[in-house]
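Engineer: Dropping in upload-v7.cif, which is mmCIF, C-alpha atoms:
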data_structure
#
loop_
_atom_site.label_atom_id
_atom_site.label_comp_id
_atom_site.auth_asym_id
_atom_site.auth_seq_id
_atom_site.Cartn_x
_atom_site.Cartn_y
_atom_site.Cartn_z
CA MET G 1 0.00 0.00 0.00
CA ARG G 2 2.80 2.39 0.91
CA PHE G 3 4.56 1.66 -2.39
CA PHE G 4 1.33 2.45 -4.24
CA LEU G 5 0.98 5.80 -2.47
CA ILE G 6 4.57 6.74 -3.24
CA PHE G 7 4.08 5.78 -6.88
CA LEU G 8 0.83 7.76 -7.05
CA LEU G 9 2.47 10.89 -5.68
CA PHE G 10 5.45 10.47 -8.00
CA PHE G 11 3.13 10.01 -10.99
CA ILE G 12 1.13 13.14 -10.15
CA GLN G 13 4.25 15.30 -9.92
CA ILE G 14 5.81 13.87 -13.09
CA ASN G 15 2.55 14.37 -14.97
CA MET G 16 2.32 17.99 -13.82
CA SER G 17 5.91 18.71 -14.83
CA ALA G 18 5.42 17.11 -18.25
CA GLN G 19 2.42 19.36 -18.91
CA GLY G 20 4.15 22.46 -17.60
CA LEU G 21 1.55 22.80 -14.85
CA SER G 22 2.19 24.06 -11.36
CA TYR G 23 -0.94 22.38 -10.00
CA GLN G 24 -3.27 19.45 -10.57
CA VAL G 25 -6.92 19.01 -9.64
CA ILE G 26 -7.28 15.72 -7.77
CA SER G 27 -10.04 13.62 -6.21
CA ARG G 28 -10.81 13.51 -2.50
CA GLU G 29 -9.39 9.97 -2.45
CA LYS G 30 -6.06 11.22 -3.80
CA ILE G 31 -6.12 14.07 -1.29
CA ASN G 32 -6.38 11.55 1.54
CA ASN G 33 -3.64 9.42 0.01
CA ILE G 34 -1.25 12.37 -0.23
CA LEU G 35 -1.96 13.46 3.34
CA ARG G 36 -1.35 9.92 4.53
CA GLU G 37 1.91 9.55 2.62
CA LYS G 38 3.32 13.00 3.44
CA HIS G 39 2.03 13.46 6.98
CA SER G 40 5.59 13.50 8.37
CA LEU G 41 6.49 16.33 5.98
CA VAL G 42 3.75 18.73 7.06
CA THR G 43 5.11 22.12 8.11
CA SER G 44 1.84 24.02 8.54
CA THR G 45 -1.91 23.77 8.12
CA TYR G 46 -4.60 26.42 8.13
CA ILE G 47 -8.06 27.25 6.84
CA ASN G 48 -8.35 29.75 4.00
CA ASN G 49 -10.43 32.73 5.15
CA TYR G 50 -12.19 33.23 1.83
CA ASN G 51 -13.65 29.77 1.25
CA SER G 52 -12.78 27.69 4.33
CA CYS G 53 -10.66 25.28 2.27
CA PHE G 54 -8.09 23.29 4.22
CA VAL G 55 -4.50 24.16 3.31
CA THR G 56 -1.49 21.94 4.00
CA ILE G 57 2.10 22.94 3.25
CA PHE G 58 4.89 20.36 3.11
CA LYS G 59 8.65 20.55 3.74
CA ASP G 60 9.44 19.77 0.09
CA GLY G 61 7.72 23.02 -0.96
CA THR G 62 4.54 21.43 -2.28
CA ALA G 63 1.08 22.35 -1.00
CA LEU G 64 -2.41 20.93 -0.95
CA MET G 65 -5.84 22.56 -0.79
CA ALA G 66 -8.77 20.37 0.23
CA PRO G 67 -12.44 21.40 -0.01
CA PRO G 68 -14.40 22.39 3.09
CA ILE G 69 -16.94 19.96 4.51
CA LEU G 70 -19.75 19.51 1.96
CA GLY G 71 -17.73 21.69 -0.41
CA GLY G 72 -17.20 19.22 -3.22
CA ASP G 73 -15.09 16.18 -4.06
CA GLU G 74 -12.02 17.76 -5.63
CA GLY G 75 -8.91 19.42 -4.29
CA ILE G 76 -5.74 20.94 -5.74
CA PHE G 77 -2.14 19.75 -5.37
CA PHE G 78 0.51 22.43 -6.02
CA LEU G 79 4.16 21.92 -6.95
CA ASP G 80 5.06 25.08 -5.06
CA VAL G 81 3.52 27.43 -2.51
CA LYS G 82 3.90 30.47 -4.75
CA SER G 83 1.53 28.96 -7.33
CA MET G 84 -0.98 28.28 -4.60
CA GLU G 85 -0.74 31.82 -3.24
CA GLU G 86 -1.32 33.26 -6.72
CA MET G 87 -4.47 31.18 -7.10
CA VAL G 88 -5.65 32.13 -3.60
CA THR G 89 -5.20 35.81 -4.50
CA SER G 90 -7.22 35.37 -7.70
CA LYS G 91 -10.07 33.64 -5.82
CA LYS G 92 -10.65 31.48 -8.89
CA TYR G 93 -10.17 27.74 -8.63
CA PRO G 94 -10.25 25.26 -11.56
CA VAL G 95 -12.34 22.60 -9.82
CA LYS G 96 -15.70 21.11 -10.68
CA GLY G 97 -18.59 22.74 -8.92
CA ILE G 98 -21.20 20.96 -6.87
CA GLY G 99 -23.75 21.56 -9.62
CA THR G 100 -26.56 23.16 -7.63
CA PHE G 101 -28.94 25.71 -9.13
CA TRP G 102 -27.56 28.38 -6.79
CA GLU G 103 -24.00 27.71 -7.84
CA LYS G 104 -24.86 27.89 -11.54
CA GLU G 105 -26.82 31.11 -10.96
CA LYS G 106 -24.11 32.74 -8.85
CA ASP G 107 -23.65 35.79 -11.09
CA ASN G 108 -27.37 36.55 -11.11
CA ILE G 109 -27.90 35.78 -7.43
CA GLU G 110 -25.13 38.23 -6.50
CA LYS G 111 -27.34 40.98 -7.96
CA ILE G 112 -30.72 39.58 -6.96
CA ASN G 113 -31.73 42.89 -5.39
CA SER G 114 -31.57 44.60 -8.78
CA ASN G 115 -32.57 41.75 -11.10
CA ILE G 116 -35.37 40.07 -9.15
CA HIS G 117 -37.65 40.67 -12.15
CA PHE G 118 -35.40 38.35 -14.15
CA TYR G 119 -36.54 35.42 -11.98
CA ARG G 120 -40.13 36.60 -11.92
CA ASP G 121 -40.13 36.58 -15.73
CA ARG G 122 -38.65 33.08 -15.86
CA LEU G 123 -41.45 31.82 -13.63
CA SER G 124 -43.99 33.73 -15.72
CA GLU G 125 -42.85 31.83 -18.80
CA ILE G 126 -43.25 28.47 -17.07
CA LEU G 127 -46.71 29.35 -15.73
CA ASN G 128 -47.72 30.99 -19.01
CA THR G 129 -48.92 34.14 -17.28
CA GLU G 130 -47.55 37.60 -16.48
CA LEU G 131 -46.73 37.63 -12.79
CA VAL G 132 -46.45 40.69 -10.59
CA PHE G 133 -45.33 41.07 -6.98
CA ASP G 134 -48.60 41.59 -5.13
CA ASN G 135 -49.52 40.34 -1.66
CA ASN G 136 -53.23 40.71 -2.34
CA SER G 137 -55.00 37.63 -0.96
CA GLU G 138 -57.10 36.98 -4.05
CA TYR G 139 -54.12 37.33 -6.36
CA LEU G 140 -51.94 34.99 -4.29
CA CYS G 141 -54.71 32.39 -4.37
CA LYS G 142 -54.73 32.58 -8.16
CA VAL G 143 -50.94 32.23 -8.42
CA SER G 144 -50.93 29.35 -5.92
CA LYS G 145 -53.46 27.51 -8.07
CA LEU G 146 -51.34 28.01 -11.20
CA ILE G 147 -48.23 26.72 -9.46
CA ASN G 148 -50.03 23.68 -8.06
CA GLU G 149 -51.42 22.82 -11.48
CA THR G 150 -47.96 23.12 -13.05
CA LEU G 151 -46.35 20.99 -10.35
CA ASP G 152 -49.02 18.32 -10.86
CA LYS G 153 -48.01 17.98 -14.51
CA ARG G 154 -44.63 16.74 -13.27
CA LYS G 155 -42.69 18.22 -16.15
CA LYS G 156 -39.00 17.64 -16.62
CA ASN G 157 -36.84 19.65 -14.25
CA ASN G 158 -37.07 23.30 -15.30
CA ASN G 159 -36.06 24.76 -11.93
CA ILE G 160 -39.64 25.78 -11.21
CA LYS G 161 -39.16 25.13 -7.49
CA GLU G 162 -36.20 27.49 -7.30
CA TYR G 163 -38.03 30.17 -9.30
CA VAL G 164 -41.09 29.83 -7.08
CA SER G 165 -38.93 30.12 -3.96
CA ILE G 166 -37.32 33.33 -5.24
CA TYR G 167 -40.69 34.78 -6.26
CA ILE G 168 -42.20 34.11 -2.83
CA ALA G 169 -39.03 35.39 -1.14
CA GLU G 170 -39.55 38.77 -2.82
CA LEU G 171 -43.15 38.83 -1.62
CA ILE G 172 -41.88 38.19 1.91
CA ARG G 173 -39.22 40.88 1.56
CA GLN G 174 -41.85 43.43 0.56
CA LYS G 175 -44.30 42.29 3.24
CA TYR G 176 -41.80 42.71 6.08
CA ASN G 177 -39.82 45.63 4.64
CA GLY G 178 -36.68 43.52 4.46
CA ARG G 179 -33.44 43.50 2.50
CA TRP G 180 -31.80 40.81 0.46
CA GLY G 181 -28.88 39.06 2.11
CA LEU G 182 -26.63 36.37 0.68
CA PHE G 183 -25.67 33.41 2.84
CA ILE G 184 -22.19 32.25 1.83
CA GLU G 185 -21.95 28.58 0.89
CA TYR G 186 -18.30 27.65 1.23
CA THR G 187 -16.76 25.73 -1.66
CA PHE G 188 -13.57 26.44 -3.61
CA ASN G 189 -15.60 28.98 -5.59
CA ASN G 190 -18.15 30.27 -3.09
CA TYR G 191 -21.76 30.72 -4.09
CA TYR G 192 -24.78 32.16 -2.29
CA ILE G 193 -28.25 31.34 -1.00
CA PRO G 194 -30.61 34.36 -0.82
CA TYR G 195 -32.05 35.24 2.60
CA ILE G 196 -34.27 38.09 3.75
CA ILE G 197 -32.85 40.37 6.44
CA SER G 198 -35.10 42.52 8.61
CA GLU G 199 -34.21 44.39 11.80
CA ASP G 200 -30.98 42.46 12.41
CA LYS G 201 -32.69 39.11 11.91
CA SER G 202 -32.61 36.76 8.94
CA CYS G 203 -35.18 34.44 7.42
CA ASP G 204 -34.28 31.37 5.37
CA VAL G 205 -37.11 31.95 2.93
CA ILE G 206 -35.62 29.77 0.20
CA GLY G 207 -35.29 26.75 2.49
CA SER G 208 -38.78 27.28 3.91
CA VAL G 209 -40.41 27.54 0.48
CA LEU G 210 -38.53 24.55 -0.92
CA ASN G 211 -39.77 22.51 2.05
CA GLU G 212 -43.33 23.64 1.34
CA LEU G 213 -42.91 22.67 -2.31
CA GLU G 214 -41.92 19.16 -1.24
CA LEU G 215 -45.09 18.99 0.85
CA ALA G 216 -47.04 20.17 -2.21
CA LYS G 217 -46.89 16.56 -3.38
CA TYR G 218 -49.44 15.85 -0.67
CA MET G 219 -51.21 19.16 -0.05
CA PRO G 220 -51.65 22.27 -2.24
CA LEU G 221 -49.17 25.12 -1.98
CA ASN G 222 -50.61 28.21 -0.27
CA ILE G 223 -48.45 31.26 -0.95
CA GLU G 224 -50.35 33.60 1.37
CA ALA G 225 -49.96 31.17 4.28
CA ILE G 226 -46.22 30.90 3.60
CA VAL G 227 -45.82 34.69 3.55
CA ILE G 228 -47.72 35.08 6.83
CA GLU G 229 -45.84 32.23 8.52
CA ALA G 230 -42.50 33.69 7.42
CA GLY G 231 -43.04 36.56 9.84
CA LYS G 232 -42.40 34.08 12.68
CA LYS G 233 -39.18 32.77 11.13
CA PHE G 234 -36.79 35.70 11.48
CA TYR G 235 -33.89 34.84 13.79
CA LYS G 236 -30.60 36.35 14.93
CA TYR G 237 -27.82 35.49 12.52
CA ASP G 238 -24.03 35.42 12.19
CA LYS G 239 -23.27 38.52 10.13
CA LYS G 240 -19.84 37.18 9.16
CA ARG G 241 -21.52 34.51 7.03
CA TYR G 242 -23.73 36.96 5.09
CA ILE G 243 -23.37 39.67 2.49
CA LEU G 244 -26.02 42.39 2.75
CA LEU G 245 -27.31 43.92 -0.49
CA GLU G 246 -28.57 47.48 -0.74
#
Just give me the structure as structure tokens.
Structural biologist:
Amino acid sequence: MRFFLIFLLFFIQINMSAQGLSYQVISREKINNILREKHSLVTSTYINNYNSCFVTIFKDGTALMAPPILGGDEGIFFLDVKSMEEMVTSKKYPVKGIGTFWEKEKDNIEKINSNIHFYRDRLSEILNTELVFDNNSEYLCKVSKLINETLDKRKKNNNIKEYVSIYIAELIRQKYNGRWGLFIEYTFNNYYIPYIISEDKSCDVIGSVLNELELAKYMPLNIEAIVIEAGKKFYKYDKKRYILLE
């Protein structure tokens, strides 16, 4: 086993040199193998402030970055610390993402306060109607019915649940005079989950609505009830983990 680990490490470094690369993206299994083989050569370890990745530096000048917990299945092995530091400064990492909707929509979510209508229009297309943001009881009943009918058709995944959650989140924001906040999901390339912030408290509206949409398999979605109930779900939050949008 030890011979295999030594050979694996040697192969990785030779392969990188042959390609003129200063780093290589590797699997979590290879990360563990390298840490096991080179544990006696560790000079320092720390957690990167930006994305909570685990950094290990070895006596031979190489370095390793491993993803945070639940932050993906790939890491990066560097031939030298300087190359790692340059990548850390750039805040751009050549690893596969987790593949969630929120990760793919990162650029739009970062500006959700100014482009919320973009998501409203996407949902409008799916529901084949022109939606507006209106907390009127009769109107919300109508929209709830449309959403329930569309969910019942069980179409191929078109991200309707995510669009519905964002639409309802904006209704909640308006209802409680809140602001958009972005909860930071730590991966190599961080992405964000929208929250609503009001009076120093946050509400996980996306999570709440997605849970309700799962229950919609058994009972109809009621947007007005969700908006009213959200008023009881604002809690103190760790401001270090959020970005507040104006």
Engineer: Excluding Ser44 in chain G and its own-chain neighbours fewer than 6 positions away, which residues fall within 9 Å of it when counting only C-alpha atoms? Please give them as a VMD selection string.
Structural biologist: chain G and resid 55 to 58
Engineer: When distances are computed from all atoms listed in the file, which of G:Tyr167, G:Tyr186, G:Tyr46, G:Phe101 shows the smallest separation from Val143 in chain G?
Structural biologist: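 Residue with the minimum atom-to-atom distance to Val143 in chain G: G:Tyr167.
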Engineer: Check the smallest atom-to-atom distance from each of G:Asp152, G:Met65, G:Ile184, G:Asp73 to Lys240 in chain G using all atoms listed in the file, then report the winner.
Structural biologist: G:Ile184
Engineer: Write out as an mmCIF file with C-alpha atoms, keeping the file's coordinate frame which residues come within 8 Å of Pro67 in chain G when counting all atoms listed in the file, dropping same-chain ones fewer than 2 positions away.
Structural biologist:
data_model
loop_
_atom_site.group_PDB
_atom_site.id
_atom_site.type_symbol
_atom_site.label_atom_id
_atom_site.label_comp_id
_atom_site.auth_asym_id
_atom_site.auth_seq_id
_atom_site.Cartn_x
_atom_site.Cartn_y
_atom_site.Cartn_z
ATOM 1 C CA SER G 52 -12.780 27.690 4.330
ATOM 2 C CA CYS G 53 -10.660 25.280 2.270
ATOM 3 C CA PHE G 54 -8.090 23.290 4.220
ATOM 4 C CA MET G 65 -5.840 22.560 -0.790
ATOM 5 C CA ILE G 69 -16.940 19.960 4.510
ATOM 6 C CA LEU G 70 -19.750 19.510 1.960
ATOM 7 C CA GLY G 71 -17.730 21.690 -0.410
ATOM 8 C CA GLY G 72 -17.200 19.220 -3.220
ATOM 9 C CA ASP G 73 -15.090 16.180 -4.060
ATOM 10 C CA GLU G 74 -12.020 17.760 -5.630
ATOM 11 C CA GLY G 75 -8.910 19.420 -4.290
ATOM 12 C CA THR G 187 -16.760 25.730 -1.660
ATOM 13 C CA PHE G 188 -13.570 26.440 -3.610
#
Engineer: Between CA of His39 in chain G and CA of Glu185 in chain G, what distance in Å does the model show, to one decimal?
Structural biologist: 29.0 Å
Engineer: One number please: CA of Glu110 in chain G to CA of Leu64 in chain G, in Å, one decimal.
Structural biologist: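 Computing it gives 29.1 Å between the two atoms.
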Engineer: Which is closest to Ile98 in chain G among G:Gly207, G:Glu125, G:Asn190, G:Lys239, if we use only C-alpha atoms?
Structural biologist: G:Asn190
Engineer: List the residues selected by the PyMOL selection byres ((chain G and resi 244) around 6) in the file shown, writing them as a VMD selection string.
Structural biologist: chain G and resid 181 243 245
Engineer: Determine the residue set returned by the PyMOL selection byres ((chain G and resi 205) around 9) for the present structure, and present it as a PDB file with C-alpha atoms, keeping the file's coordinate frame.
Structural biologist:
ATOM      1  CA  SER G 165     -38.930  30.120  -3.960  1.00  0.00           C
ATOM      2  CA  ILE G 166     -37.320  33.330  -5.240  1.00  0.00           C
ATOM      3  CA  ILE G 168     -42.200  34.110  -2.830  1.00  0.00           C
ATOM      4  CA  ALA G 169     -39.030  35.390  -1.140  1.00  0.00           C
ATOM      5  CA  ILE G 172     -41.880  38.190   1.910  1.00  0.00           C
ATOM      6  CA  PRO G 194     -30.610  34.360  -0.820  1.00  0.00           C
ATOM      7  CA  TYR G 195     -32.050  35.240   2.600  1.00  0.00           C
ATOM      8  CA  ILE G 196     -34.270  38.090   3.750  1.00  0.00           C
ATOM      9  CA  SER G 202     -32.610  36.760   8.940  1.00  0.00           C
ATOM     10  CA  CYS G 203     -35.180  34.440   7.420  1.00  0.00           C
ATOM     11  CA  ASP G 204     -34.280  31.370   5.370  1.00  0.00           C
ATOM     12  CA  ILE G 206     -35.620  29.770   0.200  1.00  0.00           C
ATOM     13  CA  GLY G 207     -35.290  26.750   2.490  1.00  0.00           C
ATOM     14  CA  SER G 208     -38.780  27.280   3.910  1.00  0.00           C
ATOM     15  CA  VAL G 209     -40.410  27.540   0.480  1.00  0.00           C
ATOM     16  CA  LEU G 210     -38.530  24.550  -0.920  1.00  0.00           C
ATOM     17  CA  ALA G 230     -42.500  33.690   7.420  1.00  0.00           C
ATOM     18  CA  LYS G 233     -39.180  32.770  11.130  1.00  0.00           C
TER      19      LYS G 233
END
Engineer: Which residue gives the smallest distance to Lys30 in chain G among G:Ile197, G:Ile76, G:Leu221, G:Val42, with only C-alpha atoms counted?
Structural biologist: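 Nearest to Lys30 in chain G: G:Ile76.
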Engineer: Check the smallest atom-to-atom distance from each of G:Ser22, G:Ser27, G:Ser144, G:Thr100 to Asp80 in chain G using all atoms listed in the file, then report the winner.
Structural biologist: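 That would be G:Ser22, the residue with the smallest distance to Asp80 in chain G.
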Engineer: Run the PyMOL selection byres ((chain G and resi 199) around 10) against the file shown and list the residues it catches, as a list in words.
Structural biologist: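 Output of the PyMOL selection byres ((chain G and resi 199) around 10): Tyr176, Asn177, Gly178, Arg179, Ile197, Ser198, Asp200, Lys201, Ser202, Phe234, Tyr235 and Lys236 of chain G.
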Engineer: Looking at all atoms listed in the file, which of G:Phe183, G:Phe133, G:Tyr163, G:Phe118 is the one that sits closest to Asp238 in chain G?
Structural biologist: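 Of G:Phe183, G:Phe133, G:Tyr163, G:Phe118, the one nearest Asp238 in chain G is G:Phe183, counting all atoms listed in the file.
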Engineer: Could you pull the residues within 12 Å of Asn222 in chain G, counting only C-alpha atoms, minus those fewer than 6 positions along the same chain, as a short mmCIF file (atom, residue, chain, number, x, y, z; two decimals) with C-alpha atoms, in the coordinates of the input?
Structural biologist:
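Below is the file selection.cif, written as the result:
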data_model
loop_
_atom_site.label_atom_id
_atom_site.label_comp_id
_atom_site.auth_asym_id
_atom_site.auth_seq_id
_atom_site.Cartn_x
_atom_site.Cartn_y
_atom_site.Cartn_z
CA SER G 137 -55.00 37.63 -0.96
CA GLU G 138 -57.10 36.98 -4.05
CA TYR G 139 -54.12 37.33 -6.36
CA LEU G 140 -51.94 34.99 -4.29
CA CYS G 141 -54.71 32.39 -4.37
CA LYS G 142 -54.73 32.58 -8.16
CA VAL G 143 -50.94 32.23 -8.42
CA SER G 144 -50.93 29.35 -5.92
CA LYS G 145 -53.46 27.51 -8.07
CA LEU G 146 -51.34 28.01 -11.20
CA ILE G 147 -48.23 26.72 -9.46
CA ASN G 148 -50.03 23.68 -8.06
CA VAL G 164 -41.09 29.83 -7.08
CA ILE G 168 -42.20 34.11 -2.83
CA VAL G 209 -40.41 27.54 0.48
CA GLU G 212 -43.33 23.64 1.34
CA LEU G 213 -42.91 22.67 -2.31
CA LEU G 215 -45.09 18.99 0.85
CA ALA G 216 -47.04 20.17 -2.21
CA ILE G 228 -47.72 35.08 6.83
CA GLU G 229 -45.84 32.23 8.52
#
Engineer: Suppose you want the space between CA of Val95 in chain G and CA of Ile112 in chain G; what is it in Å?
Structural biologist: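 These atoms are spaced 25.2 Å apart.
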Engineer: Could you work out an axis-aligned bounding box for all listed atoms of range 179-194 of chain G, with 4 Å added on each of the six sides, and give its centre and edge lengths in Å to one decimal, as lines of an AutoDock Vina configuration file?
Structural biologist:
center_x = -23.5
center_y = 34.6
center_z = -1.4
size_x = 27.9
size_y = 25.8
size_z = 16.4
Engineer: Can you list, as a PyMOL selection string, every protein, DNA or RNA residue that comes within 7 Å of Gln24 in chain G when you count only C-alpha atoms, leaving out same-chain residues fewer than 2 positions away?
Structural biologist: chain G and resi 16+26+76-78
Engineer: Excluding Lys104 in chain G and its own-chain neighbours fewer than 2 positions away, which residues fall within 12 Å of it when counting only C-alpha atoms? Please give them as a PyMOL selection string.
Structural biologist: chain G and resi 96-102+106-110+159+189-193
